[in-house]
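Chemist: The structure's right below; bear with me while I get my questions together.
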Amino acid sequence: MTTQLLATKLFIPPQRPGIVPRLRLIKRLNNGLANGSKLTLISAPAGFGKTTLVSEWISSCGKPVAWLSLDDGDNDPVRFISYLIAALQTIKKEIGEGLLTTLQSPQPPQIESILTPLLNEITTISNHFIFVLDDYHLMEAGQIDQTVTFLLDHLPPQMHLVIATREDPNLPLARLRARGQLTELRAADLRFTPAEAAEFLNQVMGLNLSANDIASLETRTEGWIAGLQLAALSMQGREDTASFIQAFTGSHRFVLDYLAEEVLHRQPEHIRNFLLQTSILERFCAPLCNAITEREDGKEMLDVLEHGNLFLIPLDDQRQWYRYHHLFAEVLQAHLKEAQSNQMFALHQRASSWFEQNRLPAEAFQHAFAANDFERAARLAEDAWREKERSFQTAVWLGWVNKLPEAVVCSHPRLCFQLGSAFSDAGEPEKSEAHLQNAERTLAGAIDQDEAKSLRVNIALIRANNAQIQGNLAETVKYAELSIQLTPKDDVYLRAQAVITLELIHWTTGNLEASLQAMYAWIEDMQRLGNRVFVIASAFAVADMQVAMGRLGEAEQTLRQAIQQAEAQGLEAVSITAHHHLGLAMLAHERGDEAETAQRLQIAADLGQRTTLVDWDHRWNLAQARLKESDREWAANLDLLDDAERDYVKTAIPNLQPVEAHKARIYLKQGRLDKAQAWVQARSLSVRDEANYLGEYEHLTLARIRLAERSFKGVNAMLDHLLALAETQKRMGSVIEILILQSLIHHAQGDGPRARAALEHALTLAEPEGYLRIFVDEGEAMQFLISDFRLTIEKQSREQDRKLIRYADKILAAFPQSTIQNRKSEIVEPLSERELEVLKLLRSELSGPEIAQQLIVSLNTLRTHTKNIFNKLGVNNRRAAIRRAEELDLF
């Protein structure tokens with residue numbers, strides 16, 4: 001279900017007849033547009049004619065215009081961007097259509113990931129156009145300012161932004177001003193000049209004031225248009241206007257109060273009462289006015305107010321919905337509190353009832369809350385929950401309920417449960433648990449027992465999900481089993497949810513075969529229930545497990561079948577296959593098929609704009625980081641990893657490759673060993689840890705750091721343990737990586753036979769699945785090992801080795817062209833056979849005396865050999881000599 005947007009917020013206010021032309025201001029606005037400024041800012045206090053000016057300007061500028069009238073509810077970023085897109089669609093109907101679907105997800109993606117494709121779509125608009133944000137001062141959320149700042153920083157050249165506001169927004173105005181990209185109109189600009197004031201008072205308002213009276217009134221109001229209009233209304237029918245003007249003093253607020261009272265007191269009682277009673281409404285129509293006032297003349301009254309220019313602003317071309325000028329509404333509300341305060345709660349109650357009957361739950365709740373009818377507000381929130389959940393608007397719903405007194409919330413177990421579910425979906429398990437406890441405390445006797453039982457099942461299930469988010473396996477098992485125990489046998493969906501929550505624990509422990517079978521069972525249940533979208537969405541989780549098990553072919557088949565199923569279901573199902581195409585892209589990249597990689601990435605990027613799955617941005621950034629790593633673009637890789645870390649959303653899928661560990665690996669490739677070591681220290685990792693699957697990636701990263709340090713104590717034992725565990729659990733993806741790392745470490749330790757054995761085992765396992773990048777991205781050391789291995793088995797001339805030789809050739813061809821083949825010539829004087837023998841022993845963990853003993857030479861003789869080696873290699877210590885010798889392939 002999509003969120004319904006209010007069309008009247010997108011209507012351009014019609015130009016009023018008889019206004020004072022503001023030619024001098026329109027000229028400035030046109031100049032700013034012609035000079036290429038990005039932003040026109042019209043900032044002034046209430047009543048300075050900002051909206052009227054913009055309306056007059058755009059009616060004559062000859063450019064398409066998108067208009068958005070903002071209100072307090074637009075402080076929600078999802079709602080703000082939804083209306084932003086809706087306004088753009090008044091210019092180009094199809095723009096942003098896919099992005100609206102993305103915004104309905106339970107965990108909407110990061111704002112930047114929505115704005116980027118939206119800006120790209122805006123560039124397809126052929127004509128220059130103007131986008132107006134009216135009443136921007138109502139935007140108090142920092143995220144809205146950040147959104148608009150991003151838009152301004154990347155604004156397409158054909159778009160010009162106009163902001164009308166009562167106060168300066170928190171935007172980079174100084175920067176725009178310095179770059180000549182800002183056009184500004186402020187109160188001093190907007191105030192009526194004496195000539196404009198004279199035209200307004202005498203021509204528009206029909207007064208016959210002298211030049212002195214006009215000058216005096218213009219001076220006292222400082223050209224404040226609303227003040228002049230209120231003064232003119234007050235003077236209509238007066239004979240002694242000069243006395244009135246002389247008595248017209250004070251600050252804007254007091255002047256406003258005085259004039260409003262004068263205007264109200266001069267209205268007939270039935271009009272005055274209508275104005276006061278309807279002032280509680282942010283927007284209104286004739287039927288709503290009838291309900292509020294308990295009269296039947298709402299349409300006639302609105303016609304009278306509009307004809308009398310009593311600050312009534314139409315919100316649509318059909319003149320059905322209206323609002324009062326904000327300033328005038330505030331005055332009316334202040335007088336309502338004074339004159340009819342005993343009616344205010346009743347008025348809000350009537351408004352709430354009307355909005356509820358007309359299926360407008362947000363306004364119904366707001367007026368119930370304003371009436372202090374918190375019980376009614378709580379009931380309305382409960383009733384609205386399901387619709388908001390289905391339309392992925394639980395964050396908006398939370399905004400309502402958070403206003404209610406805690407005692408009221410705690411007395412409604414269903415509301416407490418809904419809050420617990422909403423906070424769990426938002427990834428806030430602590431807040432979720434607090435509300436679940438409140439629900440339990442009020443269950444007994446509060447509702448019928450059947451509903452109480454249903455709530456207990458759901459509470460247990462939410463607790464299992466919260467425990468999974470927090471990584472507490474014992475609590476996950478406890479509550480998932482409780483949920484299964486309490487679930488009625490005929491509730492297939494709820495039981496399936498509980499079972500899969502329990503079984504996915506196997507994924508965390510590394511028993512992928514068990515978790516894979518559980519996923520198959522879940523998919524079958526969803527197929528029986530006809531929930532094809534869940535079937536399709538679950539396929540990428542299955543593929544993730546298959547990749548971890550080294551079954552790349554099966555993972556590819558799983559993803560392709562899911563995509564075919566989605567295409568058969570139509571657009572809604574296809575939009576969730578961004579993950580699947582991304583998975584296929586990364587499989588193709590691993591196998592070296594870059595054409596397929598590029599094609600799938602483009603499809604994934606397009607679908608990613610519409611996906612509602614919460615971890616899309618995280619996965620996309622990880623994939624992009626992986627590609628940058630293969631291209632040896634380390635800085636770009638780290639930036640993308642930072643983005644991935646920022647976008648990470650805790651879900652039931654275990655986080656097996658923490659971003660910080662990935663970054664540590666990149667630090668090693670950059671030669672920033674100190675940064676990688678700092679990560680080890682921060683994580684307090686040790687080769688003596690009893691590492692499990694959840695910590696495998698981090699401990700393999702630790703082993704790589706120890707390799708860079710040439711500090712091997714305990715590393716081999718740790719890798720043997722991890723290898724045995726991975727082999728036992730049939731996680732061949734892990735087995736291959738561990739074997740590759742073992743071959744590098746054995747090579748660094750000078751143990752050629754063990755290095756070749758580990759590499760041969762890895763190649764044998766990897767060849768049937770077509771692994772490529774897992775070897776190539778290890779760099780030149782792996783290139784040397786594979787080259788050496790290939791030469792060795794080629795000399796053996798065994799028939800069974802032919803397949804591995806062809807596989808080795810394919811991998812070697814994927815390495816970037818190496819300069820190391822020519823590096824031996826860089827040595828000014830070659831090392832002697834004895835010096836090479838010494839060098840190989842220097843690579844071991846033997847001490848100097850132990851090396852001398854093994855060579856059967858004195859310690860002084862060894863020192864002479866070592867000094868000669870250092871000189872020839874151009875280094876000054878043992879570690880540097882080993883590193884230089886590896887670069888030169890001297891081993």
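By order of appearance in the structure tokens: chains A, B, ..., then residues from 1 within every chain, and ligands from 1 in the order shown.
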Please list as a list in words every residue within 10 Å of region 499-503 of chain A, counting only C-alpha atoms and excluding residues in the same chain fewer than 6 positions away.
Modeler: Leu461, Ala464, Asn465, Gln468, Leu473, Thr476, Val477, Lys478, Tyr479, Ala480, Glu481, Ser483, Ile484, Tyr493, Ala514, Ser515, Leu516, Gln517, Ala518, Met519, Tyr520, Ala521, Trp522, Ile523 and Ala652 of chain A
Chemist: Okay, now the selection with N, CA and C atoms, as a short mmCIF file (atom, residue, chain, number, x, y, z; two decimals), in the first residue's frame?
Modeler:
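Output file out.cif is given in full below:
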data_model
loop_
_atom_site.label_atom_id
_atom_site.label_comp_id
_atom_site.auth_asym_id
_atom_site.auth_seq_id
_atom_site.Cartn_x
_atom_site.Cartn_y
_atom_site.Cartn_z
N LEU A 461 7.83 -13.68 19.78
CA LEU A 461 8.49 -13.63 18.48
C LEU A 461 9.32 -12.35 18.33
N ALA A 464 12.44 -12.71 20.28
CA ALA A 464 13.42 -13.55 19.58
C ALA A 464 14.16 -12.72 18.52
N ASN A 465 13.41 -11.89 17.83
CA ASN A 465 14.04 -11.03 16.82
C ASN A 465 14.99 -10.03 17.46
N GLN A 468 18.13 -11.74 18.40
CA GLN A 468 18.94 -12.01 17.22
C GLN A 468 19.69 -10.76 16.79
N LEU A 473 22.33 -15.55 21.20
CA LEU A 473 21.77 -16.78 20.64
C LEU A 473 20.90 -17.53 21.63
N THR A 476 17.60 -15.90 21.79
CA THR A 476 16.90 -16.14 20.53
C THR A 476 16.23 -17.50 20.55
N VAL A 477 16.97 -18.51 20.97
CA VAL A 477 16.43 -19.88 21.07
C VAL A 477 15.26 -19.91 22.05
N LYS A 478 15.44 -19.29 23.21
CA LYS A 478 14.42 -19.32 24.26
C LYS A 478 13.10 -18.76 23.76
N TYR A 479 13.13 -17.59 23.15
CA TYR A 479 11.88 -16.94 22.77
C TYR A 479 11.31 -17.49 21.47
N ALA A 480 12.17 -17.94 20.58
CA ALA A 480 11.66 -18.56 19.36
C ALA A 480 10.94 -19.87 19.70
N GLU A 481 11.52 -20.66 20.60
CA GLU A 481 10.87 -21.90 21.01
C GLU A 481 9.57 -21.61 21.75
N SER A 483 7.64 -19.04 21.26
CA SER A 483 6.69 -18.62 20.24
C SER A 483 6.13 -19.82 19.50
N ILE A 484 6.98 -20.78 19.17
CA ILE A 484 6.51 -22.01 18.51
C ILE A 484 5.53 -22.75 19.40
N TYR A 493 1.60 -19.19 9.01
CA TYR A 493 2.54 -18.08 8.81
C TYR A 493 3.30 -17.75 10.09
N ALA A 514 22.38 -26.92 7.86
CA ALA A 514 21.13 -26.90 8.62
C ALA A 514 20.32 -25.63 8.33
N SER A 515 21.00 -24.48 8.28
CA SER A 515 20.28 -23.23 8.01
C SER A 515 19.73 -23.22 6.59
N LEU A 516 20.45 -23.86 5.67
CA LEU A 516 19.98 -23.93 4.29
C LEU A 516 18.71 -24.77 4.19
N GLN A 517 18.69 -25.89 4.90
CA GLN A 517 17.49 -26.71 4.89
C GLN A 517 16.31 -25.98 5.52
N ALA A 518 16.58 -25.17 6.55
CA ALA A 518 15.52 -24.38 7.17
C ALA A 518 14.96 -23.35 6.19
N MET A 519 15.84 -22.74 5.41
CA MET A 519 15.39 -21.77 4.42
C MET A 519 14.53 -22.44 3.35
N TYR A 520 14.91 -23.64 2.95
CA TYR A 520 14.10 -24.37 1.97
C TYR A 520 12.69 -24.63 2.53
N ALA A 521 12.63 -25.00 3.82
CA ALA A 521 11.32 -25.26 4.45
C ALA A 521 10.50 -23.98 4.52
N TRP A 522 11.15 -22.86 4.88
CA TRP A 522 10.46 -21.57 4.95
C TRP A 522 9.89 -21.18 3.58
N ILE A 523 10.69 -21.38 2.54
CA ILE A 523 10.24 -21.04 1.19
C ILE A 523 9.05 -21.90 0.78
N ALA A 652 18.33 -10.28 10.93
CA ALA A 652 18.56 -11.65 11.37
C ALA A 652 19.76 -12.28 10.67
#
Chemist: Find the residues near Thr219 (chain A): any atom within 10 Å, counting only C-alpha atoms, skip ones fewer than 6 places away on the same chain, and give them as a PyMOL selection string.
Modeler: chain A and resi 193-194+213
Chemist: Which is closest to Pro14 (chain A) among A:Ile114, A:Leu53, A:Leu668, A:Ile786, if we use only C-alpha atoms?
Modeler: A:Leu53
Chemist: Can you work out the spacing between CA of Asp303 (chain A) and CA of Arg272 (chain A) in Å, to one decimal?
Modeler: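 Between these atoms lies a distance of 14.6 Å.
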Chemist: Find the distance between CA of Trp620 (chain A) and CA of Ala635 (chain A) and write it in Å to one decimal.
Modeler: 17.3 Å
Chemist: To one decimal place, how far is CA of Leu700 (chain A) from CA of Glu737 (chain A) in Å?
Modeler: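 Those two atoms sit 8.8 Å apart.
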Chemist: Which parts of region 706-782 of chain A does DSSP call alpha helix (DSSP H) when run on the backbone here, written out as number ranges by chain?
Modeler: A: 706-709, 715-728, 732-748, 752-766, 773-776, 780-782
Chemist: Using only C-alpha atoms, determine which residues lie at most 8 Å from Arg646 (chain A), disregarding the query and same-chain residues fewer than 3 positions distant; provide the list as a list of chain:residue names.
Modeler: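 Result of the neighbour search: A:His618, A:Asp642, A:Asp643.
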Chemist: Leaving out region 17-22 of chain A and any residue of its chain fewer than 6 positions from it, which residues lie within 12 Å of it when counting only C-alpha atoms, given as a PyMOL selection string?
Modeler: chain A and resi 28-29+49-50+52-57+60+189-193+195-206+225+229+307+309
Chemist: Counting only C-alpha atoms, what is within 7 Å of Arg323 (chain A), bar same-chain residues fewer than 6 positions away, as a PyMOL selection string?
Modeler: chain A and resi 282-284+312-314
Chemist: Based on the selection just made, write C-alpha atoms of those residues as a PDB file, in the first residue's frame.
Modeler:
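Writing done, so here's out_13.pdb:
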ATOM      1  CA  GLU A 282      -4.915  23.519   9.592  1.00  0.00           C
ATOM      2  CA  ARG A 283      -7.094  22.978   6.506  1.00  0.00           C
ATOM      3  CA  PHE A 284     -10.812  22.787   6.082  1.00  0.00           C
ATOM      4  CA  LEU A 312      -8.680  32.786   3.352  1.00  0.00           C
ATOM      5  CA  ILE A 313      -6.286  30.892   1.077  1.00  0.00           C
ATOM      6  CA  PRO A 314      -7.680  28.319  -1.377  1.00  0.00           C
TER       7      PRO A 314
END
Chemist: Return as a tab-separated table the residues of region 420-493 of chain A lying at most 8 Å from region 405-410 of chain A, together with the closest atom-to-atom pair for each and the distance in Å to one decimal, counting only C-alpha atoms, with rows in chain order and ascending residue number.
Modeler:
residue	atom	partner	partner_atom	distance
A:Asn438	CA	A:Cys410	CA	5.7
A:Ala439	CA	A:Cys410	CA	7.0
A:Thr442	CA	A:Cys410	CA	7.2
Chemist: Which residues, written as a ChimeraX atom specification, have at least one atom at most 9 Å from Asn458 (chain A), with only C-alpha atoms counted and residues fewer than 3 positions away on the same chain left out?
Modeler: /A:417,421,453-455,461-463,483,487,494
Chemist: Store the residues picked out above, limited to C-alpha atoms, as a CSV table (one decimal), in the first residue's frame.
Modeler:
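Below you can see part14.csv, which holds the result:
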chain,number,residue,atom,x,y,z
A,417,PHE,CA,2.9,-4.4,21.7
A,421,SER,CA,7.1,-4.1,17.2
A,453,LYS,CA,-2.9,-15.3,23.9
A,454,SER,CA,-2.2,-13.9,20.4
A,455,LEU,CA,-0.3,-11.0,21.9
A,461,LEU,CA,8.5,-13.6,18.5
A,462,ILE,CA,9.5,-10.0,18.7
A,463,ARG,CA,11.8,-10.8,21.6
A,483,SER,CA,6.7,-18.6,20.2
A,487,THR,CA,1.5,-20.6,18.2
A,494,LEU,CA,3.3,-17.3,12.5
Chemist: Using DSSP on the backbone, list every residue of region 149-285 of chain A that comes out as strand (DSSP E), and give them as JSON, numbers by chain.
Modeler: {"A": [159, 160, 161, 162, 163, 164, 165, 182, 183, 184, 185, 186]}
Chemist: For the residues selected in the previous step, produce a file with all heavy atoms as a CSV table (one decimal), in the first residue's frame.
Modeler:
chain,number,residue,atom,x,y,z
A,159,MET,N,17.4,23.3,-13.1
A,159,MET,CA,16.5,23.4,-12.0
A,159,MET,C,16.9,24.6,-11.1
A,159,MET,O,18.1,24.8,-10.9
A,159,MET,CB,16.5,22.2,-11.1
A,159,MET,CG,15.6,22.2,-9.9
A,159,MET,SD,15.7,20.6,-9.0
A,159,MET,CE,14.7,21.0,-7.5
A,160,HIS,N,15.9,25.4,-10.7
A,160,HIS,CA,16.2,26.6,-9.9
A,160,HIS,C,15.3,26.5,-8.6
A,160,HIS,O,14.1,26.3,-8.8
A,160,HIS,CB,15.9,27.9,-10.6
A,160,HIS,CG,16.2,29.1,-9.7
A,160,HIS,ND1,17.4,29.6,-9.6
A,160,HIS,CD2,15.4,29.9,-9.0
A,160,HIS,CE1,17.4,30.7,-8.8
A,160,HIS,NE2,16.1,30.9,-8.4
A,161,LEU,N,15.9,26.5,-7.4
A,161,LEU,CA,15.1,26.3,-6.2
A,161,LEU,C,14.8,27.7,-5.6
A,161,LEU,O,15.6,28.6,-5.5
A,161,LEU,CB,16.0,25.5,-5.2
A,161,LEU,CG,15.3,25.1,-3.9
A,161,LEU,CD1,14.1,24.2,-4.2
A,161,LEU,CD2,16.3,24.4,-3.0
A,162,VAL,N,13.5,27.8,-5.1
A,162,VAL,CA,13.0,29.0,-4.5
A,162,VAL,C,12.5,28.6,-3.1
A,162,VAL,O,11.7,27.6,-3.0
A,162,VAL,CB,11.9,29.6,-5.2
A,162,VAL,CG1,11.3,30.9,-4.5
A,162,VAL,CG2,12.3,30.1,-6.6
A,163,ILE,N,13.0,29.2,-2.1
A,163,ILE,CA,12.5,29.0,-0.7
A,163,ILE,C,11.9,30.2,-0.1
A,163,ILE,O,12.6,31.3,-0.1
A,163,ILE,CB,13.7,28.5,0.2
A,163,ILE,CG1,14.2,27.1,-0.3
A,163,ILE,CG2,13.3,28.5,1.7
A,163,ILE,CD1,15.4,26.6,0.5
A,164,ALA,N,10.7,30.1,0.4
A,164,ALA,CA,10.0,31.2,1.1
A,164,ALA,C,9.9,30.8,2.5
A,164,ALA,O,9.4,29.7,2.8
A,164,ALA,CB,8.6,31.5,0.5
A,165,THR,N,10.4,31.6,3.4
A,165,THR,CA,10.5,31.2,4.8
A,165,THR,C,10.4,32.5,5.7
A,165,THR,O,10.8,33.6,5.3
A,165,THR,CB,11.8,30.5,5.1
A,165,THR,OG1,11.9,30.1,6.5
A,165,THR,CG2,13.0,31.3,4.6
A,182,LEU,N,23.3,32.8,-5.1
A,182,LEU,CA,22.2,33.1,-4.2
A,182,LEU,C,21.6,34.4,-4.6
A,182,LEU,O,22.3,35.4,-4.6
A,182,LEU,CB,22.6,33.0,-2.7
A,182,LEU,CG,21.6,33.4,-1.7
A,182,LEU,CD1,20.5,32.4,-1.7
A,182,LEU,CD2,22.3,33.5,-0.3
A,183,THR,N,20.2,34.4,-4.8
A,183,THR,CA,19.5,35.6,-4.9
A,183,THR,C,18.6,35.7,-3.6
A,183,THR,O,17.9,34.8,-3.2
A,183,THR,CB,18.5,35.6,-6.1
A,183,THR,OG1,19.3,35.4,-7.3
A,183,THR,CG2,17.7,36.8,-6.2
A,184,GLU,N,18.7,36.9,-2.9
A,184,GLU,CA,18.0,37.1,-1.7
A,184,GLU,C,17.1,38.3,-1.7
A,184,GLU,O,17.4,39.3,-2.2
A,184,GLU,CB,19.1,37.3,-0.6
A,184,GLU,CG,20.0,36.2,-0.3
A,184,GLU,CD,21.1,36.5,0.7
A,184,GLU,OE1,20.8,36.4,1.9
A,184,GLU,OE2,22.2,37.0,0.3
A,185,LEU,N,15.9,38.0,-1.1
A,185,LEU,CA,15.0,39.1,-0.8
A,185,LEU,C,14.6,39.0,0.7
A,185,LEU,O,14.2,37.9,1.1
A,185,LEU,CB,13.7,39.0,-1.7
A,185,LEU,CG,13.9,39.2,-3.2
A,185,LEU,CD1,12.6,39.1,-3.9
A,185,LEU,CD2,14.5,40.6,-3.5
A,186,ARG,N,14.7,40.1,1.4
A,186,ARG,CA,14.5,40.1,2.8
A,186,ARG,C,13.4,41.1,3.2
A,186,ARG,O,12.8,41.8,2.3
A,186,ARG,CB,15.7,40.2,3.6
A,186,ARG,CG,16.8,39.1,3.3
A,186,ARG,CD,18.0,39.2,4.2
A,186,ARG,NE,18.8,38.0,3.9
A,186,ARG,CZ,18.6,36.8,4.5
A,186,ARG,NH1,17.6,36.7,5.4
A,186,ARG,NH2,19.4,35.8,4.3
